[in-house]
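> work.txt is reproduced below (compact mmCIF, N, CA and C atoms).
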```txt
# COMPACT_ATOMS: atom_id res chain seq x y z
N PHE A 1 0.83 -1.19 0.00
CA PHE A 1 0.00 0.00 0.00
C PHE A 1 0.87 1.25 0.00
N ARG A 2 0.43 2.25 -0.72
CA ARG A 2 1.06 3.56 -0.64
C ARG A 2 0.48 4.29 0.56
N ALA A 3 1.19 5.28 1.01
CA ALA A 3 0.77 5.99 2.22
C ALA A 3 -0.45 6.88 1.99
N GLY A 4 -0.54 7.57 0.88
CA GLY A 4 -1.66 8.48 0.64
C GLY A 4 -1.54 9.76 1.45
N VAL A 5 -2.58 10.56 1.38
CA VAL A 5 -2.63 11.85 2.07
C VAL A 5 -3.58 11.71 3.25
N PRO A 6 -3.23 12.13 4.43
CA PRO A 6 -2.08 12.93 4.82
C PRO A 6 -0.88 12.13 5.31
N ARG A 7 -1.00 10.81 5.41
CA ARG A 7 0.05 9.99 6.02
C ARG A 7 1.42 10.20 5.41
N ALA A 8 1.51 10.37 4.09
CA ALA A 8 2.82 10.53 3.44
C ALA A 8 3.60 11.70 4.02
N ASN A 9 2.91 12.68 4.57
CA ASN A 9 3.58 13.87 5.11
C ASN A 9 4.12 13.67 6.52
N TYR A 10 3.62 12.70 7.26
CA TYR A 10 4.12 12.54 8.62
C TYR A 10 4.88 11.24 8.84
N MET A 11 5.14 10.50 7.79
CA MET A 11 5.99 9.32 7.92
C MET A 11 7.44 9.77 8.12
N PRO A 12 8.30 8.91 8.62
CA PRO A 12 9.68 9.34 8.90
C PRO A 12 10.60 9.35 7.67
N TYR A 13 10.03 9.55 6.50
CA TYR A 13 10.81 9.60 5.26
C TYR A 13 10.70 11.00 4.67
N PRO A 14 11.77 11.50 4.11
CA PRO A 14 11.73 12.87 3.60
C PRO A 14 10.90 13.02 2.34
N PHE A 15 10.52 14.25 2.07
CA PHE A 15 9.89 14.60 0.81
C PHE A 15 10.42 15.95 0.37
N GLN A 16 10.26 16.25 -0.89
CA GLN A 16 10.78 17.49 -1.44
C GLN A 16 9.67 18.20 -2.20
N ILE A 17 9.66 19.53 -2.10
CA ILE A 17 8.62 20.34 -2.74
C ILE A 17 9.25 21.19 -3.84
N PHE A 18 8.68 21.12 -5.03
CA PHE A 18 9.10 21.94 -6.17
C PHE A 18 7.93 22.84 -6.54
N GLN A 19 8.22 24.10 -6.87
CA GLN A 19 7.14 25.04 -7.12
C GLN A 19 7.34 25.82 -8.41
N THR A 20 6.26 25.92 -9.20
CA THR A 20 6.18 26.83 -10.34
C THR A 20 4.91 27.65 -10.12
N PRO A 21 4.65 28.68 -10.91
CA PRO A 21 3.40 29.44 -10.72
C PRO A 21 2.14 28.59 -10.95
N GLU A 22 2.21 27.59 -11.81
CA GLU A 22 1.03 26.79 -12.15
C GLU A 22 0.85 25.54 -11.30
N GLN A 23 1.96 24.98 -10.80
CA GLN A 23 1.88 23.70 -10.08
C GLN A 23 2.92 23.64 -8.97
N ILE A 24 2.60 22.82 -7.99
CA ILE A 24 3.56 22.44 -6.96
C ILE A 24 3.65 20.93 -7.04
N LEU A 25 4.86 20.42 -7.07
CA LEU A 25 5.09 18.98 -7.11
C LEU A 25 5.70 18.57 -5.78
N ILE A 26 5.10 17.58 -5.14
CA ILE A 26 5.64 17.03 -3.90
C ILE A 26 6.09 15.61 -4.21
N VAL A 27 7.38 15.35 -4.00
CA VAL A 27 7.98 14.05 -4.29
C VAL A 27 8.38 13.42 -2.96
N TYR A 28 7.91 12.20 -2.74
CA TYR A 28 8.14 11.49 -1.49
C TYR A 28 9.18 10.39 -1.70
N GLU A 29 10.06 10.22 -0.72
CA GLU A 29 11.02 9.12 -0.80
C GLU A 29 10.31 7.77 -0.67
N TYR A 30 9.31 7.71 0.19
CA TYR A 30 8.62 6.45 0.46
C TYR A 30 7.88 5.96 -0.78
N LYS A 31 8.30 4.83 -1.29
CA LYS A 31 7.68 4.14 -2.43
C LYS A 31 7.60 4.98 -3.70
N GLY A 32 8.44 6.02 -3.80
CA GLY A 32 8.49 6.81 -5.03
C GLY A 32 7.21 7.56 -5.33
N ALA A 33 6.43 7.86 -4.32
CA ALA A 33 5.15 8.55 -4.52
C ALA A 33 5.39 10.02 -4.86
N SER A 34 4.45 10.58 -5.60
CA SER A 34 4.48 12.01 -5.88
C SER A 34 3.05 12.50 -6.05
N ARG A 35 2.89 13.80 -5.92
CA ARG A 35 1.58 14.39 -6.16
C ARG A 35 1.76 15.78 -6.75
N THR A 36 0.82 16.15 -7.60
CA THR A 36 0.81 17.46 -8.22
C THR A 36 -0.30 18.28 -7.58
N VAL A 37 0.03 19.50 -7.18
CA VAL A 37 -0.95 20.43 -6.65
C VAL A 37 -1.15 21.49 -7.73
N TYR A 38 -2.35 21.58 -8.24
CA TYR A 38 -2.65 22.53 -9.32
C TYR A 38 -2.98 23.89 -8.71
N MET A 39 -2.22 24.90 -9.11
CA MET A 39 -2.36 26.23 -8.55
C MET A 39 -3.07 27.20 -9.49
N ASP A 40 -3.18 26.87 -10.78
CA ASP A 40 -3.71 27.82 -11.75
C ASP A 40 -5.23 27.80 -11.82
N TYR A 41 -5.85 26.64 -11.69
CA TYR A 41 -7.32 26.55 -11.61
C TYR A 41 -7.69 25.20 -11.02
N ASP A 42 -8.87 25.13 -10.43
CA ASP A 42 -9.32 23.89 -9.80
C ASP A 42 -9.66 22.84 -10.84
N ARG A 43 -9.13 21.67 -10.63
CA ARG A 43 -9.43 20.55 -11.51
C ARG A 43 -10.33 19.57 -10.78
N PRO A 44 -11.32 19.03 -11.47
CA PRO A 44 -12.18 18.03 -10.83
C PRO A 44 -11.41 16.72 -10.66
N ALA A 45 -11.80 15.96 -9.65
CA ALA A 45 -11.20 14.64 -9.43
C ALA A 45 -11.83 13.67 -10.41
N LEU A 46 -11.08 13.28 -11.43
CA LEU A 46 -11.63 12.41 -12.47
C LEU A 46 -11.43 10.93 -12.15
N ASP A 47 -10.26 10.56 -11.67
CA ASP A 47 -9.96 9.17 -11.36
C ASP A 47 -9.50 9.06 -9.92
N ALA A 48 -9.98 8.06 -9.21
CA ALA A 48 -9.55 7.84 -7.83
C ALA A 48 -8.11 7.35 -7.81
N SER A 49 -7.31 7.90 -6.89
CA SER A 49 -5.91 7.51 -6.78
C SER A 49 -5.44 7.62 -5.34
N TRP A 50 -4.24 7.11 -5.07
CA TRP A 50 -3.65 7.15 -3.73
C TRP A 50 -3.50 8.58 -3.23
N MET A 51 -3.06 9.48 -4.11
CA MET A 51 -2.80 10.86 -3.71
C MET A 51 -3.97 11.79 -4.04
N GLY A 52 -4.99 11.28 -4.72
CA GLY A 52 -6.15 12.10 -5.04
C GLY A 52 -5.81 13.20 -6.02
N THR A 53 -6.73 14.13 -6.16
CA THR A 53 -6.53 15.34 -6.97
C THR A 53 -6.39 16.50 -6.01
N SER A 54 -5.32 17.28 -6.17
CA SER A 54 -5.02 18.37 -5.24
C SER A 54 -5.07 19.71 -5.95
N ASN A 55 -5.91 20.60 -5.43
CA ASN A 55 -6.00 21.98 -5.93
C ASN A 55 -5.55 22.90 -4.81
N GLY A 56 -4.68 23.86 -5.14
CA GLY A 56 -4.13 24.71 -4.10
C GLY A 56 -4.31 26.18 -4.37
N HIS A 57 -4.16 26.95 -3.30
CA HIS A 57 -4.14 28.40 -3.39
C HIS A 57 -3.41 28.93 -2.16
N TRP A 58 -3.02 30.19 -2.24
CA TRP A 58 -2.32 30.84 -1.12
C TRP A 58 -3.30 31.71 -0.34
N GLU A 59 -3.23 31.61 0.98
CA GLU A 59 -3.91 32.53 1.88
C GLU A 59 -2.81 33.19 2.69
N ASP A 60 -2.41 34.39 2.27
CA ASP A 60 -1.24 35.08 2.82
C ASP A 60 -0.02 34.17 2.67
N ASP A 61 0.62 33.76 3.77
CA ASP A 61 1.81 32.92 3.70
C ASP A 61 1.50 31.44 3.89
N THR A 62 0.25 31.05 3.78
CA THR A 62 -0.15 29.66 3.99
C THR A 62 -0.60 29.04 2.67
N LEU A 63 0.00 27.90 2.34
CA LEU A 63 -0.43 27.12 1.18
C LEU A 63 -1.60 26.25 1.63
N VAL A 64 -2.74 26.39 0.98
CA VAL A 64 -3.93 25.60 1.30
C VAL A 64 -4.16 24.63 0.14
N ILE A 65 -4.22 23.33 0.45
CA ILE A 65 -4.44 22.30 -0.57
C ILE A 65 -5.73 21.58 -0.25
N ASP A 66 -6.62 21.55 -1.23
CA ASP A 66 -7.91 20.87 -1.10
C ASP A 66 -7.83 19.58 -1.91
N GLY A 67 -7.91 18.44 -1.23
CA GLY A 67 -7.75 17.15 -1.89
C GLY A 67 -9.01 16.32 -1.87
N SER A 68 -9.30 15.69 -3.01
CA SER A 68 -10.42 14.76 -3.12
C SER A 68 -10.07 13.76 -4.22
N GLY A 69 -10.97 12.83 -4.50
CA GLY A 69 -10.71 11.85 -5.55
C GLY A 69 -9.72 10.77 -5.14
N PHE A 70 -9.73 10.42 -3.85
CA PHE A 70 -8.84 9.37 -3.35
C PHE A 70 -9.47 8.00 -3.57
N ASN A 71 -8.63 6.99 -3.72
CA ASN A 71 -9.19 5.64 -3.77
C ASN A 71 -9.45 5.17 -2.34
N ASP A 72 -10.06 4.02 -2.20
CA ASP A 72 -10.41 3.53 -0.86
C ASP A 72 -9.40 2.51 -0.33
N HIS A 73 -8.14 2.61 -0.78
CA HIS A 73 -7.11 1.67 -0.34
C HIS A 73 -6.10 2.27 0.62
N LEU A 74 -6.17 3.57 0.89
CA LEU A 74 -5.10 4.17 1.70
C LEU A 74 -5.33 3.95 3.18
N TRP A 75 -4.21 3.96 3.89
CA TRP A 75 -4.22 3.84 5.35
C TRP A 75 -3.74 5.16 5.94
N PHE A 76 -4.31 5.54 7.09
CA PHE A 76 -3.84 6.74 7.79
C PHE A 76 -2.66 6.45 8.70
N ASP A 77 -2.51 5.20 9.13
CA ASP A 77 -1.44 4.89 10.08
C ASP A 77 -1.10 3.40 9.99
N ARG A 78 -0.11 2.99 10.77
CA ARG A 78 0.34 1.59 10.75
C ARG A 78 -0.69 0.65 11.36
N ALA A 79 -1.64 1.20 12.11
CA ALA A 79 -2.68 0.38 12.71
C ALA A 79 -3.73 -0.06 11.70
N GLY A 80 -3.72 0.56 10.52
CA GLY A 80 -4.66 0.17 9.49
C GLY A 80 -5.92 1.00 9.44
N ASN A 81 -5.96 2.14 10.15
CA ASN A 81 -7.11 3.02 10.02
C ASN A 81 -7.21 3.48 8.58
N PHE A 82 -8.40 3.50 8.05
CA PHE A 82 -8.59 3.66 6.61
C PHE A 82 -9.58 4.78 6.31
N ALA A 83 -9.79 5.03 5.04
CA ALA A 83 -10.78 5.99 4.56
C ALA A 83 -11.47 5.39 3.35
N SER A 84 -12.57 6.00 2.96
CA SER A 84 -13.30 5.55 1.77
C SER A 84 -12.97 6.47 0.60
N ASP A 85 -13.60 6.22 -0.52
CA ASP A 85 -13.39 7.10 -1.67
C ASP A 85 -14.16 8.42 -1.53
N ALA A 86 -14.86 8.62 -0.41
CA ALA A 86 -15.52 9.89 -0.12
C ALA A 86 -14.61 10.84 0.68
N LEU A 87 -13.37 10.44 0.90
CA LEU A 87 -12.42 11.24 1.68
C LEU A 87 -12.22 12.63 1.07
N HIS A 88 -12.21 13.63 1.94
CA HIS A 88 -11.91 15.02 1.57
C HIS A 88 -10.89 15.53 2.58
N VAL A 89 -9.76 16.04 2.09
CA VAL A 89 -8.67 16.48 2.95
C VAL A 89 -8.33 17.93 2.61
N VAL A 90 -8.27 18.79 3.62
CA VAL A 90 -7.81 20.16 3.43
C VAL A 90 -6.55 20.34 4.27
N GLU A 91 -5.44 20.61 3.58
CA GLU A 91 -4.14 20.77 4.23
C GLU A 91 -3.75 22.24 4.22
N ARG A 92 -3.06 22.65 5.29
CA ARG A 92 -2.55 24.01 5.39
C ARG A 92 -1.08 23.94 5.79
N TYR A 93 -0.21 24.46 4.93
CA TYR A 93 1.23 24.50 5.16
C TYR A 93 1.60 25.95 5.45
N THR A 94 2.00 26.24 6.69
CA THR A 94 2.38 27.60 7.06
C THR A 94 3.85 27.63 7.43
N ARG A 95 4.63 28.38 6.68
CA ARG A 95 6.07 28.48 6.95
C ARG A 95 6.27 29.38 8.17
N ASN A 96 6.96 28.85 9.19
CA ASN A 96 7.19 29.58 10.42
C ASN A 96 8.62 30.07 10.55
N GLY A 97 9.46 29.73 9.63
CA GLY A 97 10.86 30.11 9.66
C GLY A 97 11.55 29.43 8.51
N PRO A 98 12.86 29.61 8.38
CA PRO A 98 13.55 29.02 7.23
C PRO A 98 13.61 27.49 7.25
N ASP A 99 13.39 26.87 8.41
CA ASP A 99 13.59 25.44 8.52
C ASP A 99 12.40 24.66 9.06
N HIS A 100 11.25 25.30 9.23
CA HIS A 100 10.08 24.52 9.67
C HIS A 100 8.78 25.12 9.18
N ILE A 101 7.81 24.21 9.03
CA ILE A 101 6.47 24.51 8.55
C ILE A 101 5.48 23.89 9.53
N THR A 102 4.40 24.60 9.81
CA THR A 102 3.31 23.99 10.57
C THR A 102 2.35 23.36 9.56
N TYR A 103 2.07 22.07 9.76
CA TYR A 103 1.19 21.31 8.89
C TYR A 103 -0.11 21.05 9.64
N ASP A 104 -1.20 21.66 9.17
CA ASP A 104 -2.53 21.45 9.73
C ASP A 104 -3.38 20.76 8.68
N VAL A 105 -4.14 19.77 9.09
CA VAL A 105 -4.97 19.05 8.12
C VAL A 105 -6.33 18.75 8.75
N THR A 106 -7.37 18.94 7.94
CA THR A 106 -8.74 18.59 8.33
C THR A 106 -9.19 17.45 7.44
N ILE A 107 -9.70 16.39 8.07
CA ILE A 107 -10.07 15.17 7.36
C ILE A 107 -11.57 14.95 7.52
N GLU A 108 -12.24 14.76 6.39
CA GLU A 108 -13.68 14.47 6.38
C GLU A 108 -13.89 13.22 5.54
N ASP A 109 -14.69 12.32 6.06
CA ASP A 109 -15.11 11.15 5.30
C ASP A 109 -16.40 10.64 5.93
N PRO A 110 -17.54 11.06 5.41
CA PRO A 110 -18.81 10.70 6.02
C PRO A 110 -19.11 9.20 6.01
N GLU A 111 -18.40 8.43 5.19
CA GLU A 111 -18.63 6.98 5.16
C GLU A 111 -17.84 6.24 6.24
N VAL A 112 -16.84 6.93 6.84
CA VAL A 112 -15.99 6.28 7.84
C VAL A 112 -16.05 6.98 9.20
N PHE A 113 -16.05 8.32 9.20
CA PHE A 113 -15.97 9.10 10.44
C PHE A 113 -17.30 9.79 10.70
N THR A 114 -17.65 9.94 11.98
CA THR A 114 -18.91 10.59 12.35
C THR A 114 -18.84 12.10 12.22
N ARG A 115 -17.64 12.66 12.22
CA ARG A 115 -17.47 14.11 12.06
C ARG A 115 -16.05 14.39 11.55
N PRO A 116 -15.81 15.58 11.00
CA PRO A 116 -14.45 15.93 10.58
C PRO A 116 -13.51 15.93 11.79
N TRP A 117 -12.23 15.65 11.52
CA TRP A 117 -11.24 15.71 12.58
C TRP A 117 -9.96 16.34 12.04
N LYS A 118 -9.11 16.80 12.96
CA LYS A 118 -7.93 17.58 12.58
C LYS A 118 -6.67 17.03 13.21
N MET A 119 -5.57 17.30 12.52
CA MET A 119 -4.23 17.02 13.04
C MET A 119 -3.39 18.26 12.81
N SER A 120 -2.37 18.45 13.64
CA SER A 120 -1.43 19.54 13.45
C SER A 120 -0.07 19.08 13.94
N MET A 121 0.98 19.40 13.16
CA MET A 121 2.33 19.00 13.56
C MET A 121 3.35 19.87 12.85
N PRO A 122 4.54 19.98 13.41
CA PRO A 122 5.60 20.69 12.69
C PRO A 122 6.29 19.76 11.70
N LEU A 123 6.69 20.32 10.58
CA LEU A 123 7.53 19.61 9.61
C LEU A 123 8.86 20.35 9.56
N TYR A 124 9.96 19.62 9.63
CA TYR A 124 11.28 20.23 9.70
C TYR A 124 12.10 19.96 8.45
N ARG A 125 12.84 20.97 8.02
CA ARG A 125 13.75 20.81 6.89
C ARG A 125 14.94 19.97 7.33
N ARG A 126 15.32 19.03 6.48
CA ARG A 126 16.52 18.22 6.75
C ARG A 126 17.74 19.12 6.66
N GLN A 127 18.67 18.96 7.57
CA GLN A 127 19.82 19.85 7.67
C GLN A 127 21.13 19.24 7.18
N GLU A 128 21.12 17.95 6.81
CA GLU A 128 22.36 17.32 6.39
C GLU A 128 22.89 17.98 5.12
N GLU A 129 24.20 18.08 5.04
CA GLU A 129 24.82 18.63 3.84
C GLU A 129 24.59 17.69 2.66
N ASN A 130 24.27 18.24 1.51
CA ASN A 130 24.03 17.48 0.28
C ASN A 130 22.92 16.44 0.42
N ILE A 131 21.90 16.76 1.20
CA ILE A 131 20.78 15.83 1.38
C ILE A 131 20.07 15.58 0.05
N GLN A 132 19.61 14.36 -0.15
CA GLN A 132 18.87 14.03 -1.36
C GLN A 132 17.89 12.91 -1.06
N LEU A 133 16.84 12.84 -1.85
CA LEU A 133 15.89 11.75 -1.72
C LEU A 133 16.53 10.49 -2.28
N LEU A 134 16.33 9.39 -1.62
CA LEU A 134 16.85 8.11 -2.08
C LEU A 134 15.67 7.23 -2.49
N GLU A 135 15.95 6.13 -3.13
CA GLU A 135 14.89 5.18 -3.46
C GLU A 135 14.60 4.34 -2.23
N TYR A 136 13.33 4.20 -1.91
CA TYR A 136 12.93 3.38 -0.78
C TYR A 136 11.78 2.49 -1.22
N GLU A 137 11.93 1.22 -1.00
CA GLU A 137 10.86 0.27 -1.25
C GLU A 137 10.69 -0.58 0.00
N CYS A 138 9.47 -0.82 0.38
CA CYS A 138 9.17 -1.65 1.53
C CYS A 138 8.84 -3.05 1.02
N TYR A 139 9.68 -3.99 1.34
CA TYR A 139 9.47 -5.36 0.87
C TYR A 139 8.89 -6.20 1.99
N ALA A 140 8.06 -7.12 1.62
CA ALA A 140 7.47 -8.03 2.60
C ALA A 140 8.55 -8.87 3.25
N TYR A 141 8.36 -9.26 4.49
CA TYR A 141 9.34 -10.04 5.23
C TYR A 141 9.71 -11.31 4.48
N ALA A 142 8.75 -11.96 3.89
CA ALA A 142 9.01 -13.22 3.18
C ALA A 142 9.97 -13.03 2.01
N GLU A 143 9.96 -11.86 1.40
CA GLU A 143 10.86 -11.61 0.27
C GLU A 143 12.29 -11.35 0.70
N THR A 144 12.49 -11.02 1.97
CA THR A 144 13.83 -10.65 2.43
C THR A 144 14.50 -11.75 3.26
N GLN A 145 13.81 -12.84 3.47
CA GLN A 145 14.41 -13.91 4.25
C GLN A 145 15.57 -14.54 3.48
N VAL A 146 16.60 -14.89 4.21
CA VAL A 146 17.77 -15.52 3.62
C VAL A 146 17.70 -17.01 3.92
N THR A 147 17.87 -17.82 2.90
CA THR A 147 17.89 -19.27 3.10
C THR A 147 19.27 -19.68 3.58
N PRO A 148 19.35 -20.42 4.70
CA PRO A 148 20.66 -20.82 5.22
C PRO A 148 21.39 -21.76 4.24
N ALA A 149 22.69 -21.63 4.23
CA ALA A 149 23.51 -22.53 3.37
C ALA A 149 23.44 -23.94 3.94
N ARG A 150 23.52 -24.92 3.07
CA ARG A 150 23.46 -26.32 3.51
C ARG A 150 24.80 -26.97 3.39
```
Represent the supplied structure as structure tokens.

Amino acid sequence: FRAGVPRANYMPYPFQIFQTPEQILIVYEYKGASRTVYMDYDRPALDASWMGTSNGHWEDDTLVIDGSGFNDHLWFDRAGNFASDALHVVERYTRNGPDHITYDVTIEDPEVFTRPWKMSMPLYRRQEENIQLLEYECYAYAETQVTPAR
């Protein structure tokens, strides 16, 4: 399973944000996931996907992303909490300094949750020199077992 939104943002794997006037691209190290945030005009969610369809706009210094069109396969956490294809996510990224952002997210899914709920957390810029995203794949335990020599 891919992490989906919002889980991909709070997993312990880095991600990188690229910005143009028309789009923002978020590239995740975990499982090579990526998502496009459309900034020029709102696009309807045509096909259900792990990352959904993301439309964004700026409210002062806060990037607001409105996400919908998710498939019903994503998990919110390692415990297996899930969402349906009715999931609607509104994310707010507020830069608080050169090295951290406050990430606020409101989650609505009338097929799974009785009411909307929110999360908030800081996101920190990686400080290592020459940091880069690496390839990460999560393999099942059975695929990584080593057969003892005979």
> May I have the residues within 8 Å of Tyr30 of chain A as a list in words, using all atoms listed in the file and disregarding those fewer than 2 positions away in the same chain?
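So, after excluding close chain neighbours, the residues are Arg2, Ala3, Ala8, Pro12, Tyr13, Pro14, Phe15, Val27, Tyr28, Gly32, Ala33, Ser34, Leu133, Leu134, Glu135, Tyr136, Glu137 and Cys138 of chain A.
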> Find the residue from A:Thr20, A:Ser54, A:Thr114, A:Gln132 that sits nearest to Asp66 of chain A; use only N, CA and C atoms when measuring.
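Looking at the shortest contact to Asp66 of chain A, the residue is A:Ser54.
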> Return the single residue from A:Leu46, A:Leu74, A:Ile65, A:Ala79 that is closest to Arg92 of chain A, with distances computed using only C-alpha atoms.
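Ranking A:Leu46, A:Leu74, A:Ile65, A:Ala79 by distance to Arg92 of chain A, first place goes to A:Ile65.
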> Compile the contact shell of Glu111 of chain A as JSON, numbers by chain: residues with an atom at most 8 Å away, counting only C-alpha atoms, same-chain residues fewer than 5 positions apart removed.
{"A": [83, 84, 86]}
> Extending 4 Å beyond the listed atoms of segment 86-100 of chain A on each side, what axis-aligned box results? I want centre and edge lengths in Å to one decimal, as AutoDock Vina command-line options.

```
--center_x -1.0 --center_y 19.4 --center_z 5.1 --size_x 37.1 --size_y 29.5 --size_z 19.0
```
> Using only N, CA and C atoms, find the one residue out of A:Thr106, A:Gln16, A:Asn71, A:Asn55 that sits nearest to Met39 of chain A.
A:Asn55
> Which distance in Å separates atom CA of Ser49 of chain A and atom C of Asp77 of chain A, to one decimal?
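About the pair atom CA of Ser49 of chain A and atom C of Asp77 of chain A: they are 17.9 Å apart.
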> Measure the distance from atom CA of His73 of chain A to atom CA of Gly4 of chain A in Å and round it to one decimal.
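It comes out at 8.8 Å.
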> Suppose you want the space between atom N of Gln23 of chain A and atom C of Glu91 of chain A; what is it in Å?
16.3 Å
> Give me every strand (DSSP E or B) residue in segment 54-142 of chain A, going by DSSP on the backbone, as an MDAnalysis selection string.
chainID A and resid 54:59 62:68 70 75 82 88:97 100:108 117:124 136
> Would you please work out which residue, of A:Tyr38, A:Phe76, A:Thr53, A:Asn96, is nearest to Met11 of chain A when using only C-alpha atoms?
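Among A:Tyr38, A:Phe76, A:Thr53, A:Asn96, it is A:Phe76 that comes nearest to Met11 of chain A.
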> Between A:Ser120, A:Gln127, A:Thr94, A:Asn9, which one has atoms that come closest to Leu63 of chain A, using only N, CA and C atoms?
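Checking each of A:Ser120, A:Gln127, A:Thr94, A:Asn9 against Leu63 of chain A, counting only N, CA and C atoms, the winner is A:Thr94.
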> Write out as a ChimeraX atom specification all residues of chain A that DSSP puts in helix (DSSP H, G or I) for this structure's backbone.
/A:7-10,141-144
> When you look at Gly52 of chain A with a cut-off of 6.5 Å (counting only N, CA and C atoms), what residues show up, excluding the ones that are within fewer than 6 positions of it in the same chain? I need them as a ChimeraX atom specification.
/A:67-71
> Please produce a file of the residues just selected, as a short mmCIF file (atom, residue, chain, number, x, y, z; two decimals), in the frame of the given file, where the atoms kept are N, CA and C atoms.

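This is the output file out_12.cif:
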```cif
data_model
loop_
_atom_site.label_atom_id
_atom_site.label_comp_id
_atom_site.auth_asym_id
_atom_site.auth_seq_id
_atom_site.Cartn_x
_atom_site.Cartn_y
_atom_site.Cartn_z
N GLY A 67 -7.91 18.44 -1.23
CA GLY A 67 -7.75 17.15 -1.89
C GLY A 67 -9.01 16.32 -1.87
N SER A 68 -9.30 15.69 -3.01
CA SER A 68 -10.42 14.76 -3.12
C SER A 68 -10.07 13.76 -4.22
N GLY A 69 -10.97 12.83 -4.50
CA GLY A 69 -10.71 11.85 -5.55
C GLY A 69 -9.72 10.77 -5.14
N PHE A 70 -9.73 10.42 -3.85
CA PHE A 70 -8.84 9.37 -3.35
C PHE A 70 -9.47 8.00 -3.57
N ASN A 71 -8.63 6.99 -3.72
CA ASN A 71 -9.19 5.64 -3.77
C ASN A 71 -9.45 5.17 -2.34
#
```
> Of the candidates A:Ile131, A:Leu87, A:Val5, A:Met121, which shows the shortest atom-to-atom distance to Asp109 of chain A, using all atoms listed in the file?
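For Asp109 of chain A, the nearest of the given residues is A:Leu87.
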